[in-house]
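Student: Got a structure for you, protein-v4.cif, holding mmCIF, C-alpha atoms.
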```
data_protein
#
loop_
_atom_site.label_atom_id
_atom_site.label_comp_id
_atom_site.auth_asym_id
_atom_site.auth_seq_id
_atom_site.Cartn_x
_atom_site.Cartn_y
_atom_site.Cartn_z
CA MET A 5 100.00 57.17 151.34
CA ARG A 6 97.11 57.92 153.62
CA PRO A 7 94.19 55.50 153.94
CA ASN A 8 91.67 55.34 151.19
CA PHE A 9 88.93 57.88 151.60
CA LEU A 10 86.41 55.52 150.03
CA ALA A 11 86.76 53.08 152.85
CA ILE A 12 86.02 55.40 155.74
CA LEU A 13 82.41 54.49 156.17
CA VAL A 14 82.10 51.15 154.47
CA LEU A 15 79.45 49.51 156.55
CA ALA A 16 77.41 46.44 155.68
CA ALA A 17 79.15 44.63 152.85
CA SER A 18 76.33 42.31 151.98
CA VAL A 19 72.61 42.77 151.77
CA GLN A 20 70.80 41.78 154.92
CA THR A 21 67.69 39.71 154.62
CA VAL A 22 64.97 39.34 157.21
CA SER A 23 64.17 35.79 158.23
CA ALA A 24 61.03 34.38 159.85
CA GLY A 25 60.35 35.20 163.50
CA GLU A 26 62.26 38.44 163.35
CA ILE A 27 60.87 41.89 163.95
CA THR A 28 61.15 43.70 160.62
CA PRO A 29 62.72 47.18 160.50
CA THR A 30 59.35 48.84 160.01
CA ALA A 31 57.74 46.96 162.93
CA VAL A 32 60.23 47.86 165.69
CA VAL A 33 58.54 49.52 168.67
CA PHE A 34 60.50 52.37 170.27
CA THR A 35 59.63 53.62 173.76
CA ASP A 36 61.54 56.79 174.64
CA GLY A 37 64.26 55.67 172.24
CA SER A 38 64.49 52.17 173.74
CA VAL A 39 63.52 48.84 172.22
CA GLU A 40 62.49 46.32 174.88
CA GLU A 41 61.97 43.27 172.76
CA SER A 42 64.84 41.35 171.18
CA LEU A 43 64.66 41.68 167.39
CA THR A 44 65.23 37.95 166.94
CA GLY A 45 64.14 36.39 170.22
CA LEU A 46 67.63 34.87 170.37
CA PRO A 47 70.49 36.00 172.60
CA GLY A 48 73.20 38.13 171.01
CA ASP A 49 76.75 36.86 170.59
CA ALA A 50 79.11 39.43 172.16
CA GLU A 51 82.17 38.03 170.39
CA LYS A 52 80.50 38.50 166.98
CA GLY A 53 79.27 41.89 168.08
CA ARG A 54 82.83 42.91 168.87
CA GLU A 55 83.84 42.05 165.32
CA ILE A 56 80.91 43.96 163.83
CA VAL A 57 81.75 47.11 165.82
CA GLY A 58 85.37 47.08 164.66
CA ASP A 59 85.08 45.80 161.09
CA LYS A 60 84.84 48.48 158.43
CA SER A 61 82.79 46.23 156.18
CA LEU A 62 80.25 45.51 158.95
CA GLY A 63 79.18 48.06 161.58
CA ASN A 64 82.32 50.18 161.28
CA CYS A 65 81.30 51.89 164.50
CA VAL A 66 84.94 52.82 165.14
CA ALA A 67 84.77 55.16 162.14
CA CYS A 68 83.06 57.52 164.58
CA HIS A 69 83.69 56.08 168.06
CA GLU A 70 86.75 55.19 170.05
CA VAL A 71 86.63 51.85 171.91
CA SER A 72 89.60 50.98 174.15
CA ASP A 73 88.70 47.30 174.04
CA LEU A 74 89.30 47.36 170.25
CA ALA A 75 92.82 48.78 170.51
CA GLU A 76 94.07 46.32 167.87
CA VAL A 77 91.82 47.94 165.25
CA PRO A 78 93.62 50.93 163.69
CA PHE A 79 92.07 54.41 163.47
CA HIS A 80 89.14 55.18 165.73
CA GLY A 81 87.06 58.24 164.92
CA GLU A 82 86.05 61.18 167.09
CA ILE A 83 82.59 61.98 165.77
CA GLY A 84 80.65 60.27 168.57
CA PRO A 85 81.43 59.73 172.27
CA MET A 86 83.88 57.08 173.40
CA LEU A 87 82.03 53.80 173.89
CA ASP A 88 83.96 52.67 176.96
CA GLY A 89 81.43 52.15 179.73
CA ALA A 90 78.43 52.18 177.38
CA GLY A 91 77.20 48.99 179.06
CA GLU A 92 77.04 50.84 182.36
CA ARG A 93 75.49 54.03 181.06
CA TRP A 94 72.73 52.31 179.10
CA SER A 95 70.41 49.36 179.62
CA GLU A 96 70.15 46.60 177.03
CA ALA A 97 66.85 48.04 175.77
CA GLU A 98 68.39 51.48 175.42
CA LEU A 99 71.40 50.13 173.58
CA ARG A 100 69.10 48.21 171.21
CA GLY A 101 67.22 51.41 170.48
CA ILE A 102 70.43 53.41 169.93
CA VAL A 103 71.91 50.88 167.53
CA ALA A 104 68.65 50.23 165.65
CA ASN A 105 67.84 53.91 165.22
CA ALA A 106 69.84 56.41 167.26
CA LYS A 107 67.64 59.26 166.09
CA MET A 108 64.85 57.95 168.34
CA MET A 109 67.10 58.46 171.39
CA PHE A 110 69.12 61.49 170.26
CA GLU A 111 67.23 63.99 168.16
CA ASP A 112 68.90 64.69 164.80
CA SER A 113 71.80 62.44 165.72
CA LEU A 114 74.57 62.07 163.16
CA MET A 115 74.69 58.37 163.95
CA PRO A 116 73.32 56.29 161.06
CA SER A 117 70.21 54.20 161.71
CA PHE A 118 71.36 50.60 161.43
CA TYR A 119 67.93 48.93 161.36
CA LYS A 120 65.86 51.16 159.17
CA THR A 121 64.76 50.80 155.55
CA GLU A 122 62.53 53.81 154.87
CA GLY A 123 62.58 57.58 154.82
CA PHE A 124 65.93 58.16 153.13
CA PHE A 125 66.72 60.94 150.64
CA ARG A 126 68.31 59.43 147.51
CA PRO A 127 69.24 56.09 149.04
CA GLY A 128 72.02 54.42 147.08
CA ASN A 129 73.05 50.90 146.24
CA ALA A 130 75.77 50.58 148.90
CA TYR A 131 78.80 52.66 147.84
CA THR A 132 78.30 52.52 144.09
CA GLY A 133 76.74 55.98 143.83
CA GLU A 134 73.87 54.36 141.92
CA ALA A 135 70.26 54.38 143.11
CA ALA A 136 69.14 51.68 145.52
CA ASP A 137 67.55 48.66 143.87
CA ASP A 138 65.27 45.95 145.24
CA THR A 139 68.12 44.37 147.20
CA PHE A 140 68.08 47.39 149.56
CA GLY A 141 68.06 46.34 153.21
CA PRO A 142 69.04 47.63 156.66
CA LEU A 143 72.74 48.28 157.41
CA LEU A 144 72.81 45.42 159.89
CA SER A 145 70.58 42.32 160.20
CA ALA A 146 68.38 41.78 163.26
CA GLN A 147 70.81 39.24 164.65
CA GLN A 148 73.78 41.52 164.03
CA ILE A 149 72.00 44.25 166.02
CA GLU A 150 71.52 41.77 168.87
CA ASP A 151 75.20 40.78 168.67
CA VAL A 152 76.29 44.42 168.84
CA VAL A 153 73.98 45.07 171.80
CA ALA A 154 75.43 42.03 173.59
CA TYR A 155 78.94 43.36 173.01
CA LEU A 156 78.14 46.91 174.10
CA SER A 157 76.64 45.49 177.31
CA THR A 158 80.07 44.05 178.16
CA LEU A 159 81.72 47.51 177.98
CA LYS A 160 81.99 48.41 181.67
CA GLU A 161 84.65 50.78 183.00
CA MET B 9 84.79 45.98 148.98
CA LYS B 10 87.64 43.53 149.33
CA LYS B 11 89.95 45.80 147.41
CA LEU B 12 89.12 48.84 149.51
CA THR B 13 89.68 46.89 152.70
CA GLY B 14 93.11 45.91 151.39
CA VAL B 15 94.01 49.52 150.82
CA MET B 16 92.95 50.38 154.37
CA LEU B 17 95.05 47.63 155.86
CA ALA B 18 98.09 48.42 153.73
CA SER B 19 97.98 52.07 154.62
CA ALA B 20 97.43 51.32 158.30
CA LEU B 21 100.97 49.99 158.40
CA VAL B 22 102.46 53.32 157.38
CA ALA B 23 100.11 55.37 159.53
CA THR B 24 101.14 58.86 160.47
CA PRO B 25 100.31 60.03 163.99
CA LEU B 26 96.83 61.45 164.29
CA ILE B 27 96.79 65.18 164.93
CA ALA B 28 93.28 66.45 165.26
CA GLU B 29 93.71 70.21 165.24
CA PRO B 30 94.31 72.15 162.02
CA VAL B 31 98.05 72.64 161.84
CA ASP B 32 99.40 76.08 162.73
CA ASP B 33 101.50 76.89 159.67
CA THR B 34 101.90 79.52 156.95
CA LEU B 35 101.68 78.72 153.26
CA ILE B 36 104.38 80.63 151.42
CA LEU B 37 104.31 79.77 147.74
CA ASN B 38 107.73 79.38 146.13
CA GLU B 39 109.29 81.22 149.07
CA ASP B 40 107.64 84.31 147.70
CA VAL B 41 103.89 84.80 147.99
CA THR B 42 102.15 84.32 151.36
CA LEU B 43 98.69 82.87 150.84
CA VAL B 44 95.73 83.53 153.10
CA THR B 45 94.73 80.08 154.35
CA ARG B 46 92.70 81.18 157.40
CA THR B 47 90.52 84.22 157.66
CA ALA B 48 87.38 85.57 159.28
CA ALA B 49 84.28 83.75 158.04
CA PRO B 50 82.28 85.70 155.44
CA ALA B 51 79.06 87.24 156.78
CA HIS B 52 76.80 84.52 155.30
CA VAL B 53 78.49 81.76 157.34
CA ALA B 54 79.39 83.80 160.42
CA ASP B 55 76.41 82.28 162.26
CA VAL B 56 78.01 78.81 162.10
CA MET B 57 81.76 79.44 162.25
CA ASP B 58 84.12 82.27 163.16
CA GLU B 59 86.98 81.36 160.91
CA VAL B 60 87.32 79.67 157.55
CA ILE B 61 90.35 77.43 157.19
CA SER B 62 91.82 75.97 154.03
CA GLY B 63 92.04 72.18 153.69
CA TRP B 64 95.82 72.68 153.50
CA HIS B 65 95.93 73.05 157.31
CA PHE B 66 94.42 69.60 157.76
CA ARG B 67 97.04 67.72 155.76
CA GLY B 68 100.37 66.25 156.85
CA THR B 69 103.74 68.00 156.91
CA GLU B 70 105.05 66.51 153.65
CA THR B 71 101.81 67.09 151.78
CA ARG B 72 101.77 70.72 152.88
CA ALA B 73 105.40 71.19 151.86
CA MET B 74 104.77 69.71 148.41
CA GLN B 75 102.13 72.31 147.70
CA ALA B 76 104.38 75.18 148.75
CA ASP B 77 106.86 74.68 145.92
CA ASP B 78 105.93 74.45 142.25
CA PHE B 79 108.85 72.10 141.58
CA ASP B 80 107.55 69.67 144.18
CA ASN B 81 103.86 70.05 143.37
CA PRO B 82 102.96 67.19 141.00
CA GLY B 83 99.86 69.14 139.96
CA MET B 84 102.08 71.64 138.15
CA ILE B 85 103.01 69.02 135.55
CA PHE B 86 99.38 69.08 134.44
CA VAL B 87 99.40 72.87 134.45
CA GLU B 88 102.30 72.74 131.97
CA GLN B 89 100.39 70.30 129.78
CA ALA B 90 97.41 72.64 129.80
CA GLU B 91 99.67 75.54 128.83
CA ASP B 92 100.46 73.69 125.59
CA VAL B 93 96.78 73.10 124.96
CA TRP B 94 96.07 76.76 125.72
CA ASN B 95 98.28 77.73 122.78
CA THR B 96 97.11 75.03 120.35
CA ALA B 97 94.50 75.85 117.72
CA GLU B 98 91.66 73.35 117.52
CA GLY B 99 88.24 73.05 115.91
CA SER B 100 86.63 74.46 112.78
CA GLU B 101 87.56 78.08 113.55
CA GLY B 102 91.28 77.36 113.75
CA LYS B 103 91.57 79.15 117.08
CA SER B 104 93.31 78.43 120.36
CA CYS B 105 92.40 79.84 123.78
CA ALA B 106 95.32 82.24 123.28
CA SER B 107 93.79 83.55 120.05
CA CYS B 108 91.04 85.25 122.04
CA HIS B 109 92.55 85.62 125.51
CA GLY B 110 96.28 86.17 124.98
CA ALA B 111 98.70 84.65 127.46
CA SER B 112 97.30 82.33 130.12
CA GLU B 113 98.37 84.86 132.79
CA GLU B 114 95.63 87.12 131.41
CA MET B 115 93.22 84.77 133.18
CA ALA B 116 94.38 86.03 136.58
CA GLY B 117 91.28 87.07 138.53
CA VAL B 118 88.91 84.67 136.75
CA ARG B 119 89.02 81.63 139.08
CA PRO B 120 88.16 83.66 142.22
CA VAL B 121 84.76 84.77 140.88
CA TYR B 122 83.53 81.45 139.46
CA PRO B 123 80.87 80.04 139.54
CA LYS B 124 79.38 83.25 138.19
CA TYR B 125 76.08 84.38 136.73
CA ASN B 126 76.20 84.72 132.94
CA GLU B 127 73.84 87.42 131.76
CA ALA B 128 73.47 86.26 128.15
CA ALA B 129 72.90 82.63 129.11
CA GLY B 130 70.67 83.51 132.06
CA GLU B 131 72.39 80.93 134.29
CA VAL B 132 75.13 80.47 136.84
CA ARG B 133 78.16 78.97 135.14
CA THR B 134 81.11 77.08 136.47
CA LEU B 135 84.55 77.51 134.93
CA GLU B 136 84.08 74.15 133.20
CA MET B 137 80.82 75.30 131.60
CA GLN B 138 82.50 78.48 130.38
CA ILE B 139 85.46 76.57 128.95
CA ASN B 140 83.14 74.25 127.04
CA ASP B 141 81.13 77.22 125.80
CA CYS B 142 84.34 78.68 124.32
CA ARG B 143 85.28 75.37 122.79
CA GLU B 144 81.92 74.80 121.14
CA ASN B 145 80.89 78.30 120.16
CA ARG B 146 84.15 80.15 119.56
CA MET B 147 86.53 77.40 118.47
CA GLY B 148 84.08 75.04 116.82
CA ALA B 149 85.71 72.25 118.81
CA GLU B 150 84.30 69.27 120.71
CA LYS B 151 83.18 69.75 124.31
CA TRP B 152 85.42 68.22 126.93
CA LYS B 153 84.09 65.70 129.43
CA TYR B 154 83.13 67.62 132.56
CA THR B 155 85.65 66.00 134.90
CA GLY B 156 87.96 64.57 132.20
CA GLY B 157 91.72 65.08 132.03
CA ASP B 158 91.77 67.91 129.48
CA MET B 159 89.18 69.83 131.42
CA VAL B 160 90.66 69.42 134.86
CA ASN B 161 94.14 70.31 133.57
CA MET B 162 92.80 73.49 131.99
CA THR B 163 91.02 74.49 135.21
CA ALA B 164 94.34 73.92 137.01
CA LEU B 165 96.11 76.30 134.64
CA ILE B 166 93.42 78.92 135.10
CA ALA B 167 93.45 78.51 138.89
CA SER B 168 97.25 78.61 139.08
CA VAL B 169 97.48 82.13 137.67
CA SER B 170 95.09 83.37 140.39
CA ARG B 171 96.97 81.89 143.32
CA GLY B 172 97.25 84.53 145.98
CA MET B 173 93.96 86.20 145.05
CA PRO B 174 90.95 85.87 147.38
CA VAL B 175 87.94 83.77 146.41
CA ASN B 176 85.11 86.22 145.88
CA VAL B 177 82.00 84.69 144.32
CA ALA B 178 78.85 86.78 144.13
CA ILE B 179 75.86 85.28 145.91
CA ASP B 180 73.28 88.03 145.51
CA GLY B 181 71.29 89.40 142.60
CA PRO B 182 70.67 86.87 139.83
CA ALA B 183 72.92 84.27 141.52
CA GLN B 184 70.92 84.23 144.73
CA SER B 185 68.38 81.55 143.88
CA THR B 186 71.14 79.19 142.71
CA TRP B 187 73.11 79.94 145.87
CA GLU B 188 70.08 79.11 147.98
CA ALA B 189 69.52 75.83 146.15
CA GLY B 190 73.16 74.98 146.87
CA LYS B 191 72.74 75.86 150.50
CA ASP B 192 69.73 73.56 150.78
CA LEU B 193 71.73 70.71 149.36
CA TYR B 194 74.64 71.43 151.70
CA TYR B 195 72.37 70.87 154.68
CA THR B 196 70.39 67.93 153.25
CA ARG B 197 71.20 64.57 154.79
CA THR B 198 71.62 62.15 151.92
CA GLY B 199 71.74 58.41 151.49
CA GLN B 200 71.33 55.51 153.84
CA LEU B 201 73.83 57.03 156.28
CA GLU B 202 71.84 60.29 156.35
CA LEU B 203 74.82 62.61 156.44
CA ALA B 204 74.97 66.11 154.98
CA CYS B 205 78.02 68.10 153.90
CA ALA B 206 77.46 70.05 157.11
CA SER B 207 77.54 66.87 159.23
CA CYS B 208 81.17 66.34 158.35
CA HIS B 209 82.58 69.70 157.25
CA GLU B 210 80.72 72.10 159.54
CA GLN B 211 79.90 70.10 162.66
CA ASN B 212 82.99 67.91 162.69
CA TYR B 213 85.93 69.58 161.00
CA GLY B 214 89.09 68.94 162.97
CA ASN B 215 87.76 65.54 164.06
CA MET B 216 88.90 62.20 162.75
CA ILE B 217 86.42 60.04 160.86
CA ARG B 218 88.16 56.72 160.94
CA ALA B 219 91.59 57.58 159.45
CA ASP B 220 90.57 60.83 157.79
CA HIS B 221 91.08 64.23 159.30
CA LEU B 222 87.99 66.23 158.41
CA SER B 223 88.55 69.70 156.97
CA GLN B 224 85.95 72.39 156.36
CA GLY B 225 85.60 71.07 152.81
CA HIS B 226 86.53 74.26 150.95
CA ILE B 227 87.22 74.32 147.23
CA ASN B 228 89.77 77.15 147.05
CA GLY B 229 92.45 74.50 146.47
CA PHE B 230 90.80 72.86 143.45
CA PRO B 231 91.64 71.09 141.37
CA THR B 232 93.56 69.00 143.89
CA TYR B 233 96.40 66.66 143.06
CA ARG B 234 95.71 63.61 145.21
CA LEU B 235 98.52 61.30 146.22
CA LYS B 236 95.87 58.60 146.40
CA ASN B 237 95.08 58.56 142.68
CA THR B 238 98.08 60.56 141.37
CA LYS B 239 96.06 62.91 139.20
CA LEU B 240 94.17 66.16 139.41
CA ASN B 241 90.66 65.89 140.86
CA ALA B 242 87.82 68.20 139.91
CA VAL B 243 85.41 69.81 142.36
CA HIS B 244 82.40 67.84 141.14
CA ALA B 245 84.34 64.57 141.30
CA ARG B 246 85.01 65.31 144.98
CA PHE B 247 81.36 66.18 145.60
CA LYS B 248 80.36 62.93 143.93
CA GLY B 249 82.74 60.94 146.13
CA CYS B 250 81.49 62.58 149.31
CA VAL B 251 77.82 62.01 148.41
CA ARG B 252 78.49 58.42 147.39
CA ASP B 253 80.12 57.84 150.77
CA THR B 254 76.79 58.57 152.44
CA ARG B 255 75.47 55.49 150.59
CA ALA B 256 73.46 57.76 148.34
CA GLU B 257 72.57 57.97 144.70
CA THR B 258 74.88 60.80 143.68
CA PHE B 259 74.24 63.72 141.37
CA LYS B 260 76.15 63.91 138.11
CA PRO B 261 79.19 66.14 137.59
CA GLY B 262 77.95 69.24 135.78
CA SER B 263 74.36 68.73 136.98
CA PRO B 264 72.37 71.80 138.10
CA GLU B 265 72.49 70.43 141.67
CA PHE B 266 76.29 70.30 141.75
CA VAL B 267 76.62 73.68 140.00
CA ALA B 268 74.46 75.21 142.75
CA LEU B 269 76.38 73.34 145.44
CA GLU B 270 79.67 74.56 143.98
CA LEU B 271 78.53 78.18 144.15
CA TYR B 272 77.46 77.73 147.74
CA VAL B 273 80.60 75.86 148.86
CA ALA B 274 82.82 78.39 147.05
CA SER B 275 81.02 81.22 148.86
CA ARG B 276 81.76 79.66 152.25
CA GLY B 277 85.43 80.10 151.36
CA ASN B 278 85.16 83.72 150.19
CA GLY B 279 88.31 85.41 151.47
CA LEU B 280 90.57 82.37 151.30
CA HIS B 281 93.18 82.60 148.59
CA VAL B 282 92.99 80.48 145.46
CA GLU B 283 95.47 77.59 145.89
CA GLY B 284 94.78 75.36 142.91
CA PRO B 285 96.31 73.02 142.06
CA SER B 286 96.68 72.03 145.72
CA VAL B 287 98.09 68.75 147.01
CA ARG B 288 96.00 66.41 149.14
CA ASN B 289 96.30 62.82 150.31
#
```
Show how you would write the structure in this file as structure tokens.

Tutor:
Amino acid sequence: MRPNFLAILVLAASVQTVSAGEITPTAVVFTDGSVEESLTGLPGDAEKGREIVGDKSLGNCVACHEVSDLAEVPFHGEIGPMLDGAGERWSEAELRGIVANAKMMFEDSLMPSFYKTEGFFRPGNAYTGEAADDTFGPLLSAQQIEDVVAYLSTLKE
Amino acid sequence: MKKLTGVMLASALVATPLIAEPVDDTLILNEDVTLVTRTAAPAHVADVMDEVISGWHFRGTETRAMQADDFDNPGMIFVEQAEDVWNTAEGSEGKSCASCHGASEEMAGVRPVYPKYNEAAGEVRTLEMQINDCRENRMGAEKWKYTGGDMVNMTALIASVSRGMPVNVAIDGPAQSTWEAGKDLYYTRTGQLELACASCHEQNYGNMIRADHLSQGHINGFPTYRLKNTKLNAVHARFKGCVRDTRAETFKPGSPEFVALELYVASRGNGLHVEGPSVRN
């Protein structure tokens, strides 16, 4: 049997809440697609970021991107560019902007916006097919975005 | 979520090698009829792709082989069940499908032109809508659930007798406004992931999305027998699954939105031969 279709894009498994001192999704300032300021004011944890990028219930970035460093994770997609060397190609601020809302950097990008809560057409309640309810939050929390950015920054060729 | 993750991990262990290109192969049904599974794109999609390719080309060797032989195609068991139902009288009028239509083979040529505008009803109708209209108004029988077992089996029977005939839905005249509504939906990015049908099936067919090899998302093979759930799957059930996977609130099977989308998606595959019931993973 081939892998379950339902699981291809399972991203955030739990609802993310915004805690005090964080920049909320609607308050993020983008400059030419980049976000200068840390969303939490705390450093990201690259090890956790690595898990988020590979885990289908978290970022599931490998659904669309290949990452050589995550060779132990089965099935990497081909929708987006390979992420090897992303930490060389992009600054931390650029990476933060891309992960928070890639459409600010790449017009009409297919990449989902991981730190955005507004402007969707028929947003659902995760993968239930039902309408979103008041637990609706961004795909990743502010700290998870910082963790992913920290991990991407380590990807040098 | 836990359960789905388990399925992913289990299947990862028996992974087949990833081949990204549509497989170069010819579908010969029962060593007899050669089906058209790739052909020049119809004029109304020629601006976005040169060739339309059946989902059959994007599946593995064994899955493709299963579909090529009626004895190996598990979907044909359901076709046989529907054949019995076809000949069974039901409802207050004491009629079966056969009472009005004769043998099921008489339905050859019907699947390729549905969804189709119905003059008397003043609406575009899917095969399912037409079947339920017969049940209610000619047989005096209960409607079937839109994507339920009886219904999907019957659509498999009706598709099976048109295998080898080209899909040819009309998109102009009274069907045009419905077709346009379907086209709008096809290009609308839904849900929290903001992905449209076109994001996956037009811009990325041939590419892997995680472990899935994206096809052009045609419906000439419907209903599809899926190895994953070991039953026949209706077109609107597939649409619902794809929309849900964009983290969206889906439309309902049989809704005007999905009827319009079905007409539009069917029209993208005009020229491909009817394959239903096909086999998919």

Student: Any chance you could resolve the PyMOL selection byres ((chain A) within 6 of (chain B)) against this file and give the residues as an NGL selection string?

Tutor: :A and (6-7 or 11-12 or 67-68 or 79-82 or 116 or 125-128 or 130-131 or 133-135)

Student: Please list, as a PyMOL selection string, the residues that have an atom at most 12 Å away from (72.8, 83.4, 136.0) in the coordinates of this file, counting only C-alpha atoms.

Tutor: chain B and resi 122-134+178-187+264+267-268+271

Student: Name all residues at most 9 Å from stretch 142-159 of chain A (count only C-alpha atoms; drop same-chain ones fewer than 3 positions away) and give them as JSON, numbers by chain.

Tutor: {"A": [15, 16, 17, 18, 19, 20, 21, 22, 23, 26, 27, 28, 29, 42, 43, 44, 46, 47, 48, 49, 50, 51, 52, 53, 54, 55, 56, 57, 62, 63, 71, 73, 87, 88, 89, 90, 91, 92, 94, 95, 96, 97, 99, 100, 103, 104, 116, 117, 118, 119, 120, 121], "B": [200, 201]}

Student: Report as a list in words the full result of the PyMOL selection byres ((chain B and resi 261) around 8) when it is applied to this structure.

Tutor: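 Applying the expression gives Tyr154, Thr155, His244, Ala245, Lys248, Phe259, Lys260, Gly262, Ser263 and Phe266 of chain B.
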
Student: Atom CA of B:Ala51 to atom CA of A:Ser113: how many Å, to one decimal?

Tutor: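 Atom CA of B:Ala51 sits 27.3 Å away from atom CA of A:Ser113.
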
Student: What separation in Å, quoted to one decimal, exists between atom CA of A:Lys60 and atom CA of A:Pro85?

Tutor: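 Taking atom CA of A:Lys60 and atom CA of A:Pro85, their separation equals 18.2 Å.
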
Student: Could you please determine the separation between atom CA of A:Gly141 and atom CA of B:His209 in Å, to one decimal place?

Tutor: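 The value is 27.8 Å.
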
Student: On this file, the PyMOL selection byres ((chain B and resi 77-90) around 12) gives some set of residues; write that set as a compact mmCIF listing (two decimals) with C-alpha atoms, keeping the file's coordinate frame.

Tutor:
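Output below, filename expr02.txt:
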```
# COMPACT_ATOMS: atom_id res chain seq x y z
CA LEU B 35 101.68 78.72 153.26
CA ILE B 36 104.38 80.63 151.42
CA LEU B 37 104.31 79.77 147.74
CA ASN B 38 107.73 79.38 146.13
CA GLU B 39 109.29 81.22 149.07
CA ASP B 40 107.64 84.31 147.70
CA VAL B 41 103.89 84.80 147.99
CA GLU B 70 105.05 66.51 153.65
CA THR B 71 101.81 67.09 151.78
CA ARG B 72 101.77 70.72 152.88
CA ALA B 73 105.40 71.19 151.86
CA MET B 74 104.77 69.71 148.41
CA GLN B 75 102.13 72.31 147.70
CA ALA B 76 104.38 75.18 148.75
CA GLU B 91 99.67 75.54 128.83
CA ASP B 92 100.46 73.69 125.59
CA VAL B 93 96.78 73.10 124.96
CA TRP B 94 96.07 76.76 125.72
CA ASN B 95 98.28 77.73 122.78
CA THR B 96 97.11 75.03 120.35
CA SER B 104 93.31 78.43 120.36
CA CYS B 105 92.40 79.84 123.78
CA ALA B 106 95.32 82.24 123.28
CA SER B 112 97.30 82.33 130.12
CA GLY B 157 91.72 65.08 132.03
CA ASP B 158 91.77 67.91 129.48
CA MET B 159 89.18 69.83 131.42
CA VAL B 160 90.66 69.42 134.86
CA ASN B 161 94.14 70.31 133.57
CA MET B 162 92.80 73.49 131.99
CA THR B 163 91.02 74.49 135.21
CA ALA B 164 94.34 73.92 137.01
CA LEU B 165 96.11 76.30 134.64
CA ILE B 166 93.42 78.92 135.10
CA ALA B 167 93.45 78.51 138.89
CA SER B 168 97.25 78.61 139.08
CA VAL B 169 97.48 82.13 137.67
CA ARG B 171 96.97 81.89 143.32
CA GLY B 229 92.45 74.50 146.47
CA PHE B 230 90.80 72.86 143.45
CA PRO B 231 91.64 71.09 141.37
CA THR B 232 93.56 69.00 143.89
CA TYR B 233 96.40 66.66 143.06
CA ARG B 234 95.71 63.61 145.21
CA LEU B 235 98.52 61.30 146.22
CA ASN B 237 95.08 58.56 142.68
CA THR B 238 98.08 60.56 141.37
CA LYS B 239 96.06 62.91 139.20
CA LEU B 240 94.17 66.16 139.41
CA ASN B 241 90.66 65.89 140.86
CA GLU B 283 95.47 77.59 145.89
CA GLY B 284 94.78 75.36 142.91
CA PRO B 285 96.31 73.02 142.06
CA SER B 286 96.68 72.03 145.72
CA VAL B 287 98.09 68.75 147.01
CA ARG B 288 96.00 66.41 149.14
```

Student: Give me the residues near B:Ser62 as a PyMOL selection string, where near means some atom within 10 Å (using only C-alpha atoms) and where sequence neighbours in that chain fewer than 5 positions away do not count.

Tutor: chain B and resi 30+44-47+67+223-229+277+280-283

Student: Place a sphere of radius 6 Å on (64.9, 47.1, 176.1) in the file coordinates and name every protein, DNA or RNA residue with an atom inside or on its surface, counting all atoms listed in the file; give the answer as a ChimeraX atom specification.

Tutor: /A:38-41,96-98

Student: Within 12 Å of B:His52, counting only C-alpha atoms, which residues qualify if same-chain residues fewer than 2 places away don't, as a compact mmCIF listing (two decimals) with C-alpha atoms, keeping the file's coordinate frame?

Tutor:
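Just written: part_22.txt:
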```
# COMPACT_ATOMS: atom_id res chain seq x y z
CA ALA B 48 87.38 85.57 159.28
CA ALA B 49 84.28 83.75 158.04
CA PRO B 50 82.28 85.70 155.44
CA ALA B 54 79.39 83.80 160.42
CA ASP B 55 76.41 82.28 162.26
CA VAL B 56 78.01 78.81 162.10
CA MET B 57 81.76 79.44 162.25
CA ASP B 58 84.12 82.27 163.16
CA VAL B 60 87.32 79.67 157.55
CA ALA B 178 78.85 86.78 144.13
CA ILE B 179 75.86 85.28 145.91
CA ASP B 180 73.28 88.03 145.51
CA TRP B 187 73.11 79.94 145.87
CA GLU B 188 70.08 79.11 147.98
CA LYS B 191 72.74 75.86 150.50
CA TYR B 272 77.46 77.73 147.74
CA VAL B 273 80.60 75.86 148.86
CA ALA B 274 82.82 78.39 147.05
CA SER B 275 81.02 81.22 148.86
CA ARG B 276 81.76 79.66 152.25
CA GLY B 277 85.43 80.10 151.36
CA ASN B 278 85.16 83.72 150.19
```

Student: Kindly list the centre and edge lengths in Å, rounded to one decimal, for the axis-aligned box that covers all listed atoms of stretch 123-133 of chain A plus 5 Å on each of its six sides, as AutoDock Vina command-line options.

Tutor:
```
--center_x 70.7 --center_y 55.8 --center_z 149.3 --size_x 26.2 --size_y 20.4 --size_z 21.0
```
